[in-house]
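This report concerns only the one structure given below.
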Amino acid sequence: MSTADNADDSPVRAAGCVLWRRSPADGGLELCLVHRPRYDDWSHPKGKLKRDEDPLAAALREVLEETGHRAAPGSRLPTVDYEANGRPKQVSYWAAEAVSGAFTPNDEVDRLLWLPPPAARDRLTQPRDRTLVDALLHVLHLT
Ligand SMILES: Nc1nc2c([nH]c(=O)n2[C@H]2C[C@H](O)[C@@H](COP(=O)(O)OP(=O)(O)OP(=O)(O)O)O2)c(=O)[nH]1
């Protein structure tokens, strides 16, 4: 197999966060989901790594770009694998607490919601992304 073949078969790498906060109203846990008009879907903030970029740095950069929030990273969460446009894709995730910032609608993300865990689970478009809600509760010792 040539080097070019290897490169073609290698997964597209992306990274993101299950971004959480304590509700300003009642202190309950809330998760941040983003709506992408391109797919009309709801997902966790994430995106592809730039060349030579560290996955955690990429995850925090994507959170800032898509949600306007700076985040403090916590535990590593399970990696999500799927096929996108005929190529394997591997998305690394971290739990991260939103610490500052504000959302402004942008080309990639036109809506953002802060939802309690059960509502976030229901709202997520991809079943694989729902498992990350439970993984977050586990690392926050809430299950
Ligand atoms: N978020 C997410 N999207 C998925 C999963 N499985 C799956 O087929 N998709 C679909 C949604 C889109 O139709 C397609 C490509 O979306 P994507 O979010 O992976 O790719 P992208 O390049 O547009 O975005 P990004 O990685 O830069 O954030 O893959 C999944 O488990 N999670």
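In the structure tokens, the first chain shown is A, the next is B, and so on; residue numbers restart at 1 for each chain, and ligands run from 1 in the order shown.
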Contacts of Leu49 (chain A) at 6 Å (only C-alpha atoms; same-chain gap of 3+ positions) as a PDB file with C-alpha atoms, in the first residue's frame:
ATOM      1  CA  ALA A  14     -11.943  16.172  14.872  1.00  0.00           C
ATOM      2  CA  GLU A  53      -2.981  20.872  16.169  1.00  0.00           C
ATOM      3  CA  ALA A  58      -8.718  22.113  18.807  1.00  0.00           C
TER       4      ALA A  58
END
task = Could you tell me, as a ChimeraX atom specification, which residues of chain A DSSP assigns to helix (DSSP H, G or I) when given the backbone?
result = /A:3-9,55-67,117-123,127-139
inquiry  = Within 10 Å of ligand 1 (counting only C-alpha atoms and all ligand atoms), which residues show up? I'd like them as a PyMOL selection string.
reply    = chain A and resi 12-16+36+38-49+62+66+80-86+88-91+108+124-131
ask   = Looking at only C-alpha atoms, which of A:Leu60, A:Leu29, A:Ala120, A:Ala72 is the one that sits closest to Glu97 (chain A)?
value =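 Of A:Leu60, A:Leu29, A:Ala120, A:Ala72, the one nearest Glu97 (chain A), counting only C-alpha atoms, is A:Ala72.
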inquiry  = I'd like the contact shell of Pro117 (chain A) - 12 Å cut-off, only C-alpha atoms, skipping same-chain residues fewer than 4 positions apart - returned as a list in words.
reply    = Val18, Leu19, Trp20, Arg21, Arg22, Ser23, Gly28, Leu29, Glu30, Leu31, Cys32, Leu33, Leu113, Arg121, Asp122, Arg123, Leu124, Arg130, Thr131, Leu132, Val133, Asp134, Ala135, Leu136, Leu137, His138, Leu142 and Thr143 of chain A
Only N, CA and C atoms, please: the residues just picked out, written as a PDB file, in the first residue's frame.
ATOM      1  N   VAL A  18     -18.207  18.359  25.445  1.00  0.00           N
ATOM      2  CA  VAL A  18     -19.540  18.398  26.025  1.00  0.00           C
ATOM      3  C   VAL A  18     -19.462  19.556  27.016  1.00  0.00           C
ATOM      4  N   LEU A  19     -19.998  20.670  26.566  1.00  0.00           N
ATOM      5  CA  LEU A  19     -19.845  21.934  27.295  1.00  0.00           C
ATOM      6  C   LEU A  19     -20.986  22.063  28.306  1.00  0.00           C
ATOM      7  N   TRP A  20     -20.631  22.339  29.557  1.00  0.00           N
ATOM      8  CA  TRP A  20     -21.661  22.402  30.602  1.00  0.00           C
ATOM      9  C   TRP A  20     -21.495  23.655  31.444  1.00  0.00           C
ATOM     10  N   ARG A  21     -22.579  23.969  32.161  1.00  0.00           N
ATOM     11  CA  ARG A  21     -22.563  25.082  33.119  1.00  0.00           C
ATOM     12  C   ARG A  21     -23.601  24.776  34.197  1.00  0.00           C
ATOM     13  N   ARG A  22     -23.551  25.543  35.254  1.00  0.00           N
ATOM     14  CA  ARG A  22     -24.613  25.519  36.256  1.00  0.00           C
ATOM     15  C   ARG A  22     -25.628  26.587  35.860  1.00  0.00           C
ATOM     16  N   SER A  23     -26.915  26.238  35.859  1.00  0.00           N
ATOM     17  CA  SER A  23     -27.951  27.176  35.451  1.00  0.00           C
ATOM     18  C   SER A  23     -27.905  28.439  36.302  1.00  0.00           C
ATOM     19  N   GLY A  28     -28.944  24.091  38.466  1.00  0.00           N
ATOM     20  CA  GLY A  28     -28.967  22.754  37.860  1.00  0.00           C
ATOM     21  C   GLY A  28     -27.982  22.656  36.697  1.00  0.00           C
ATOM     22  N   LEU A  29     -27.565  21.424  36.421  1.00  0.00           N
ATOM     23  CA  LEU A  29     -26.620  21.199  35.321  1.00  0.00           C
ATOM     24  C   LEU A  29     -27.296  21.453  33.975  1.00  0.00           C
ATOM     25  N   GLU A  30     -26.603  22.176  33.090  1.00  0.00           N
ATOM     26  CA  GLU A  30     -27.098  22.411  31.731  1.00  0.00           C
ATOM     27  C   GLU A  30     -25.984  22.131  30.721  1.00  0.00           C
ATOM     28  N   LEU A  31     -26.382  21.565  29.589  1.00  0.00           N
ATOM     29  CA  LEU A  31     -25.438  21.267  28.507  1.00  0.00           C
ATOM     30  C   LEU A  31     -25.700  22.193  27.334  1.00  0.00           C
ATOM     31  N   CYS A  32     -24.628  22.549  26.662  1.00  0.00           N
ATOM     32  CA  CYS A  32     -24.733  23.443  25.510  1.00  0.00           C
ATOM     33  C   CYS A  32     -24.806  22.626  24.217  1.00  0.00           C
ATOM     34  N   LEU A  33     -25.893  22.807  23.468  1.00  0.00           N
ATOM     35  CA  LEU A  33     -26.001  22.181  22.146  1.00  0.00           C
ATOM     36  C   LEU A  33     -26.067  23.263  21.083  1.00  0.00           C
ATOM     37  N   LEU A 113     -28.495  26.274  22.555  1.00  0.00           N
ATOM     38  CA  LEU A 113     -29.403  26.024  23.673  1.00  0.00           C
ATOM     39  C   LEU A 113     -28.632  25.488  24.869  1.00  0.00           C
ATOM     40  N   ARG A 121     -30.342  15.149  25.763  1.00  0.00           N
ATOM     41  CA  ARG A 121     -30.329  13.815  25.154  1.00  0.00           C
ATOM     42  C   ARG A 121     -31.398  13.727  24.058  1.00  0.00           C
ATOM     43  N   ASP A 122     -32.581  14.235  24.353  1.00  0.00           N
ATOM     44  CA  ASP A 122     -33.684  14.187  23.382  1.00  0.00           C
ATOM     45  C   ASP A 122     -33.421  15.061  22.159  1.00  0.00           C
ATOM     46  N   ARG A 123     -32.744  16.187  22.370  1.00  0.00           N
ATOM     47  CA  ARG A 123     -32.574  17.159  21.287  1.00  0.00           C
ATOM     48  C   ARG A 123     -31.468  16.761  20.301  1.00  0.00           C
ATOM     49  N   LEU A 124     -30.452  16.021  20.793  1.00  0.00           N
ATOM     50  CA  LEU A 124     -29.331  15.655  19.917  1.00  0.00           C
ATOM     51  C   LEU A 124     -29.816  14.831  18.727  1.00  0.00           C
ATOM     52  N   ARG A 130     -25.608  11.112  21.878  1.00  0.00           N
ATOM     53  CA  ARG A 130     -26.366  11.032  23.146  1.00  0.00           C
ATOM     54  C   ARG A 130     -25.585  10.295  24.221  1.00  0.00           C
ATOM     55  N   THR A 131     -24.754   9.337  23.816  1.00  0.00           N
ATOM     56  CA  THR A 131     -23.988   8.575  24.811  1.00  0.00           C
ATOM     57  C   THR A 131     -23.035   9.507  25.565  1.00  0.00           C
ATOM     58  N   LEU A 132     -22.662  10.617  24.937  1.00  0.00           N
ATOM     59  CA  LEU A 132     -21.739  11.548  25.597  1.00  0.00           C
ATOM     60  C   LEU A 132     -22.407  12.289  26.751  1.00  0.00           C
ATOM     61  N   VAL A 133     -23.730  12.418  26.710  1.00  0.00           N
ATOM     62  CA  VAL A 133     -24.440  13.054  27.833  1.00  0.00           C
ATOM     63  C   VAL A 133     -24.270  12.189  29.081  1.00  0.00           C
ATOM     64  N   ASP A 134     -24.458  10.884  28.917  1.00  0.00           N
ATOM     65  CA  ASP A 134     -24.300   9.977  30.061  1.00  0.00           C
ATOM     66  C   ASP A 134     -22.845   9.921  30.519  1.00  0.00           C
ATOM     67  N   ALA A 135     -21.923   9.983  29.565  1.00  0.00           N
ATOM     68  CA  ALA A 135     -20.502   9.986  29.925  1.00  0.00           C
ATOM     69  C   ALA A 135     -20.163  11.231  30.747  1.00  0.00           C
ATOM     70  N   LEU A 136     -20.763  12.369  30.396  1.00  0.00           N
ATOM     71  CA  LEU A 136     -20.516  13.591  31.170  1.00  0.00           C
ATOM     72  C   LEU A 136     -21.032  13.424  32.603  1.00  0.00           C
ATOM     73  N   LEU A 137     -22.268  12.914  32.741  1.00  0.00           N
ATOM     74  CA  LEU A 137     -22.841  12.729  34.089  1.00  0.00           C
ATOM     75  C   LEU A 137     -21.937  11.825  34.917  1.00  0.00           C
ATOM     76  N   HIS A 138     -21.379  10.822  34.266  1.00  0.00           N
ATOM     77  CA  HIS A 138     -20.510   9.874  34.970  1.00  0.00           C
ATOM     78  C   HIS A 138     -19.246  10.581  35.484  1.00  0.00           C
ATOM     79  N   LEU A 142     -22.416  12.408  38.763  1.00  0.00           N
ATOM     80  CA  LEU A 142     -23.845  12.677  38.936  1.00  0.00           C
ATOM     81  C   LEU A 142     -24.697  11.461  38.575  1.00  0.00           C
ATOM     82  N   THR A 143     -24.040  10.322  38.342  1.00  0.00           N
ATOM     83  CA  THR A 143     -24.806   9.087  38.128  1.00  0.00           C
ATOM     84  C   THR A 143     -24.380   8.035  39.134  1.00  0.00           C
TER      85      THR A 143
END
